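The structure appears below as structure tokens.
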Amino acid sequence: MVESVQMFLFLFKSKYRRKYSWFSPFLCSVLIVLLFCNYVASSCSDQNCLNGKCENETCVCAEGWQGPECQYCAGKIKLTELSGTLTDGPGNYSVSVQCTWLIQPEPSGGDPPPIRIRLESFATECGWDHLYVYDGDSVRAEKLLAVFSGVLQDGESSWTRQVVARSGSALLHFFSDDAFAMEGFNVTYLAYACPSDEHYTNCSNHGVCEGGICKCAEGWVGEACDEPLCPDDCNSAYGAGLCTPTGCECTPSRAGADCSRDAALAGWGRAWREGAPTAPPPAAGHVMVANQHYVLRVGGETFGDDHFVYRYNVATRTWAPLEARGSPAPRLLHTAILFRHELIVYGGIVVTEEMRRYLAQ
Ligand SMILES: [Ca+2]
């Protein structure tokens, strides 16, 4: 309340008094509104101090929280339970905020526990507000597992919403810029866990979890064992295809993951599966070039020390890394072309550890 009175007096003395020689009804109403708002904001109870306690009509926030109702995440907190949740808070997150969570459960055996971090809901300003996930206890010299930004749709596939940290620690860092905020996120974590289609299970109840990696039961595939190997049995009842150990083999006239599409019509099918043994890791800012028999994936940011070039064999649907002597430094956002039997790479941004650290700040 004192601040409101001071603000009013400052405004009155410095500006309005020069313009008006009398105490206008408008200014009176401003003062009344200011005093009322201040009274409402300063009075509190434990109910509206969402993550804190009400003391002397003010919310005193618990560690990791800030705001008039302690509704915004803040600072750095450490989580040592074997499972838990973390969030930016209820409602929209705050602009210009940085929040960090260090997940470091006590190991119950000799080896460090694999920790699954899973987005249950996520909505941030795409490209401006980010949640970084590191495998380790700091942003320095550790592995960056993922950077989440944008809106997670309900039907999003399992592998885009979760990662597994294997060092025994995971560091999550949320950064929002100076403008525009959205609903934020709810994240769960679980030690000694594997990817799954929901928080309380491992491997979607279609496999065995071993060291953070799912060993899927027969008929199920994917990092979380949540995809049927042969959807709708490849529509074999209609003669569209047959189920094989690698998935549906469609007849020449049919196409698609379940052989339900007319091959003469345009449409998408599955070339390979995420997490397949030969598949390269996910990447951003890379280039794909092709010739008659194969496709090359050149460069890009993969959040790890991976090969610069991977080759996809169209006939066998398999990937293989290409070893090259004297290749240029790893880079992203470059251009590349195949010219006869030569791959020509031009420009781009060279990926360095310094750049990754800068992205995390
Ligand atoms: Ca923003």
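Each chain of the structure tokens is named A, B, ... in the order shown, its residues numbered from 1; ligands are numbered from 1 in display order.
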Enumerate residues in contact with ligand 1: an atom-to-atom distance of at most 8 Å, counting only C-alpha atoms and all ligand atoms. Format the result as JSON, numbers by chain. {"A": [95, 96, 124, 125, 128, 129, 176, 177, 178, 179, 180, 181, 182]}
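Neighbouring residues of Arg261 in chain A at 12 Å or closer, counting only C-alpha atoms and skipping chain neighbours under 5 positions away, are A:Cys234, A:Asn235, A:Tyr238, A:Ala240, A:Gly241, A:Cys250, A:Thr251, A:Pro252, A:Ser253, A:Arg254, A:Ala255, A:Gly256, A:Ala266, A:Gly267, A:Trp268, A:Gly269.
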Taking C-alpha atoms for each residue, export the selection above as an mmCIF file, in the first residue's frame.
```
data_model
loop_
_atom_site.group_PDB
_atom_site.id
_atom_site.type_symbol
_atom_site.label_atom_id
_atom_site.label_comp_id
_atom_site.auth_asym_id
_atom_site.auth_seq_id
_atom_site.Cartn_x
_atom_site.Cartn_y
_atom_site.Cartn_z
ATOM 1 C CA CYS A 234 -1.317 -55.459 -43.120
ATOM 2 C CA ASN A 235 -4.932 -55.875 -44.301
ATOM 3 C CA TYR A 238 -8.080 -58.321 -48.303
ATOM 4 C CA ALA A 240 -3.167 -56.224 -49.487
ATOM 5 C CA GLY A 241 0.024 -57.523 -47.869
ATOM 6 C CA CYS A 250 2.580 -54.896 -49.472
ATOM 7 C CA THR A 251 1.534 -56.297 -52.815
ATOM 8 C CA PRO A 252 2.598 -54.112 -55.791
ATOM 9 C CA SER A 253 -0.822 -52.478 -56.014
ATOM 10 C CA ARG A 254 -0.956 -51.497 -52.338
ATOM 11 C CA ALA A 255 1.173 -49.159 -50.194
ATOM 12 C CA GLY A 256 1.341 -47.546 -46.741
ATOM 13 C CA ALA A 266 -0.004 -40.240 -53.864
ATOM 14 C CA GLY A 267 0.608 -40.799 -50.175
ATOM 15 C CA TRP A 268 3.101 -41.512 -47.453
ATOM 16 C CA GLY A 269 4.455 -44.835 -46.300
#
```
As a JSON list (two decimals) with C-alpha atoms, in the first residue's frame, please: the residues near Leu86 in chain A (cut-off 7 Å, only C-alpha atoms, same-chain neighbours under 2 positions excluded).
```json
[["chain", "number", "residue", "atom", "x", "y", "z"],
["A", 84, "GLY", "CA", 8.43, -37.00, -9.48],
["A", 186, "ASN", "CA", 4.16, -30.65, -16.93],
["A", 187, "VAL", "CA", 7.03, -33.11, -16.93],
["A", 188, "THR", "CA", 7.35, -36.42, -15.12]]
```
Among A:Tyr189, A:Phe148, A:Tyr294, A:Tyr310, Phe174 in chain A is approached most closely, using only C-alpha atoms, by A:Phe148
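Among the candidates A:Gly347, A:Gly285, A:Pro245, A:Gly219, the one nearest to Asp232 in chain A when counting only C-alpha atoms is A:Gly219.
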Taking into account only C-alpha atoms, which residue in the set A:Ser169, A:Thr85, A:Asn291, A:Thr246 is nearest to Ser138 in chain A?
->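 Result for the nearest residue to Ser138 in chain A: A:Ser169.
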Query raised in the report: Nearest to Pro281 in chain A among A:Ala320, A:Ile344, A:Ile349, A:Ala336, with distances taken over only C-alpha atoms: which residue is it?
Result: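 Of A:Ala320, A:Ile344, A:Ile349, A:Ala336, the one nearest Pro281 in chain A is A:Ala320, counting only C-alpha atoms.
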So which residues of range 129-339 of chain A fall under strand (DSSP E or B) by DSSP, listed as a VMD selection string? chain A and resid 130 to 135 143 to 148 151 162 to 165 170 to 175 184 to 191 207 to 210 213 to 216 220 to 221 227 to 228 241 to 244 247 to 250 254 to 255 261 to 262 284 287 to 290 294 to 298 301 309 to 313 318 to 322 331 to 332 335 to 339
For C-alpha atoms, I'd like the residues from the last selection saved as a PDB file, in the first residue's frame.
```
ATOM      1  CA  HIS A 130      12.885 -23.547 -24.672  1.00  0.00           C
ATOM      2  CA  LEU A 131      13.267 -26.441 -22.259  1.00  0.00           C
ATOM      3  CA  TYR A 132      16.758 -27.968 -22.461  1.00  0.00           C
ATOM      4  CA  VAL A 133      17.400 -31.497 -21.162  1.00  0.00           C
ATOM      5  CA  TYR A 134      20.966 -32.558 -20.383  1.00  0.00           C
ATOM      6  CA  ASP A 135      22.321 -35.983 -19.478  1.00  0.00           C
ATOM      7  CA  LYS A 143      25.337 -34.403 -23.310  1.00  0.00           C
ATOM      8  CA  LEU A 144      22.425 -32.322 -24.517  1.00  0.00           C
ATOM      9  CA  LEU A 145      19.615 -34.839 -24.983  1.00  0.00           C
ATOM     10  CA  ALA A 146      16.849 -32.591 -26.293  1.00  0.00           C
ATOM     11  CA  VAL A 147      15.597 -29.046 -26.690  1.00  0.00           C
ATOM     12  CA  PHE A 148      11.806 -28.760 -26.514  1.00  0.00           C
ATOM     13  CA  VAL A 151       3.221 -27.131 -28.674  1.00  0.00           C
ATOM     14  CA  GLN A 162      10.561 -38.426 -23.842  1.00  0.00           C
ATOM     15  CA  VAL A 163      14.278 -38.992 -23.418  1.00  0.00           C
ATOM     16  CA  VAL A 164      16.381 -41.182 -21.144  1.00  0.00           C
ATOM     17  CA  ALA A 165      19.415 -39.831 -19.248  1.00  0.00           C
ATOM     18  CA  ALA A 170      19.494 -35.076 -15.561  1.00  0.00           C
ATOM     19  CA  LEU A 171      19.461 -31.307 -15.756  1.00  0.00           C
ATOM     20  CA  LEU A 172      16.408 -29.464 -17.117  1.00  0.00           C
ATOM     21  CA  HIS A 173      16.691 -25.777 -17.893  1.00  0.00           C
ATOM     22  CA  PHE A 174      13.756 -23.603 -18.962  1.00  0.00           C
ATOM     23  CA  PHE A 175      14.292 -20.224 -20.565  1.00  0.00           C
ATOM     24  CA  GLY A 184       4.038 -24.089 -20.101  1.00  0.00           C
ATOM     25  CA  PHE A 185       4.647 -27.717 -19.232  1.00  0.00           C
ATOM     26  CA  ASN A 186       4.157 -30.645 -16.930  1.00  0.00           C
ATOM     27  CA  VAL A 187       7.032 -33.112 -16.934  1.00  0.00           C
ATOM     28  CA  THR A 188       7.354 -36.421 -15.116  1.00  0.00           C
ATOM     29  CA  TYR A 189      10.533 -38.319 -14.378  1.00  0.00           C
ATOM     30  CA  LEU A 190      11.143 -41.894 -13.282  1.00  0.00           C
ATOM     31  CA  ALA A 191      14.406 -43.622 -12.370  1.00  0.00           C
ATOM     32  CA  GLY A 207       8.235 -55.314 -23.549  1.00  0.00           C
ATOM     33  CA  VAL A 208      10.972 -55.556 -20.937  1.00  0.00           C
ATOM     34  CA  CYS A 209      12.975 -52.560 -19.708  1.00  0.00           C
ATOM     35  CA  GLU A 210      16.732 -53.209 -19.500  1.00  0.00           C
ATOM     36  CA  ILE A 213      16.216 -49.569 -23.327  1.00  0.00           C
ATOM     37  CA  CYS A 214      13.054 -51.454 -24.232  1.00  0.00           C
ATOM     38  CA  LYS A 215      13.235 -55.012 -25.493  1.00  0.00           C
ATOM     39  CA  CYS A 216       9.896 -55.246 -27.250  1.00  0.00           C
ATOM     40  CA  TRP A 220       5.577 -54.547 -31.123  1.00  0.00           C
ATOM     41  CA  VAL A 221       8.207 -52.038 -32.195  1.00  0.00           C
ATOM     42  CA  GLU A 227       3.695 -49.369 -32.296  1.00  0.00           C
ATOM     43  CA  PRO A 228       2.291 -52.593 -33.718  1.00  0.00           C
ATOM     44  CA  GLY A 241       0.024 -57.523 -47.869  1.00  0.00           C
ATOM     45  CA  LEU A 242       1.703 -59.875 -45.434  1.00  0.00           C
ATOM     46  CA  CYS A 243       3.234 -59.380 -42.015  1.00  0.00           C
ATOM     47  CA  THR A 244       7.002 -60.064 -41.949  1.00  0.00           C
ATOM     48  CA  GLY A 247       6.818 -55.056 -40.979  1.00  0.00           C
ATOM     49  CA  CYS A 248       4.213 -55.135 -43.719  1.00  0.00           C
ATOM     50  CA  GLU A 249       5.231 -56.291 -47.179  1.00  0.00           C
ATOM     51  CA  CYS A 250       2.580 -54.896 -49.472  1.00  0.00           C
ATOM     52  CA  ARG A 254      -0.956 -51.497 -52.338  1.00  0.00           C
ATOM     53  CA  ALA A 255       1.173 -49.159 -50.194  1.00  0.00           C
ATOM     54  CA  ARG A 261      -3.513 -47.355 -49.738  1.00  0.00           C
ATOM     55  CA  ASP A 262      -3.745 -47.701 -53.494  1.00  0.00           C
ATOM     56  CA  ALA A 284      18.128 -30.724 -37.263  1.00  0.00           C
ATOM     57  CA  VAL A 287      20.700 -31.820 -45.817  1.00  0.00           C
ATOM     58  CA  MET A 288      19.333 -34.830 -47.714  1.00  0.00           C
ATOM     59  CA  VAL A 289      20.628 -35.571 -51.202  1.00  0.00           C
ATOM     60  CA  ALA A 290      19.810 -38.549 -53.399  1.00  0.00           C
ATOM     61  CA  TYR A 294      20.621 -44.218 -52.156  1.00  0.00           C
ATOM     62  CA  VAL A 295      20.001 -41.121 -50.057  1.00  0.00           C
ATOM     63  CA  LEU A 296      22.681 -39.283 -48.105  1.00  0.00           C
ATOM     64  CA  ARG A 297      22.043 -37.403 -44.896  1.00  0.00           C
ATOM     65  CA  VAL A 298      24.743 -34.768 -44.574  1.00  0.00           C
ATOM     66  CA  GLU A 301      22.858 -30.929 -35.251  1.00  0.00           C
ATOM     67  CA  VAL A 309      27.361 -38.482 -43.491  1.00  0.00           C
ATOM     68  CA  TYR A 310      24.906 -41.397 -43.372  1.00  0.00           C
ATOM     69  CA  ARG A 311      23.779 -43.376 -46.406  1.00  0.00           C
ATOM     70  CA  TYR A 312      20.311 -44.867 -46.778  1.00  0.00           C
ATOM     71  CA  ASN A 313      19.991 -47.831 -49.090  1.00  0.00           C
ATOM     72  CA  THR A 318      18.934 -49.742 -44.160  1.00  0.00           C
ATOM     73  CA  TRP A 319      21.252 -46.968 -43.003  1.00  0.00           C
ATOM     74  CA  ALA A 320      25.025 -47.004 -42.652  1.00  0.00           C
ATOM     75  CA  PRO A 321      27.438 -44.283 -41.518  1.00  0.00           C
ATOM     76  CA  LEU A 322      30.038 -43.247 -44.073  1.00  0.00           C
ATOM     77  CA  ARG A 331      28.103 -28.293 -39.484  1.00  0.00           C
ATOM     78  CA  LEU A 332      24.425 -27.486 -39.803  1.00  0.00           C
ATOM     79  CA  THR A 335      23.854 -26.705 -48.492  1.00  0.00           C
ATOM     80  CA  ALA A 336      25.019 -29.850 -50.254  1.00  0.00           C
ATOM     81  CA  ILE A 337      24.612 -31.387 -53.702  1.00  0.00           C
ATOM     82  CA  LEU A 338      25.620 -34.587 -55.432  1.00  0.00           C
ATOM     83  CA  PHE A 339      27.500 -33.804 -58.647  1.00  0.00           C
TER      84      PHE A 339
END
```
Q: Using only C-alpha atoms, pick whichever of A:Asp258, A:Asp226, A:Glu55, A:Glu342 has the shortest atom-to-atom distance to Arg270 in chain A.
A: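 Closest residue, counting only C-alpha atoms: A:Asp258.
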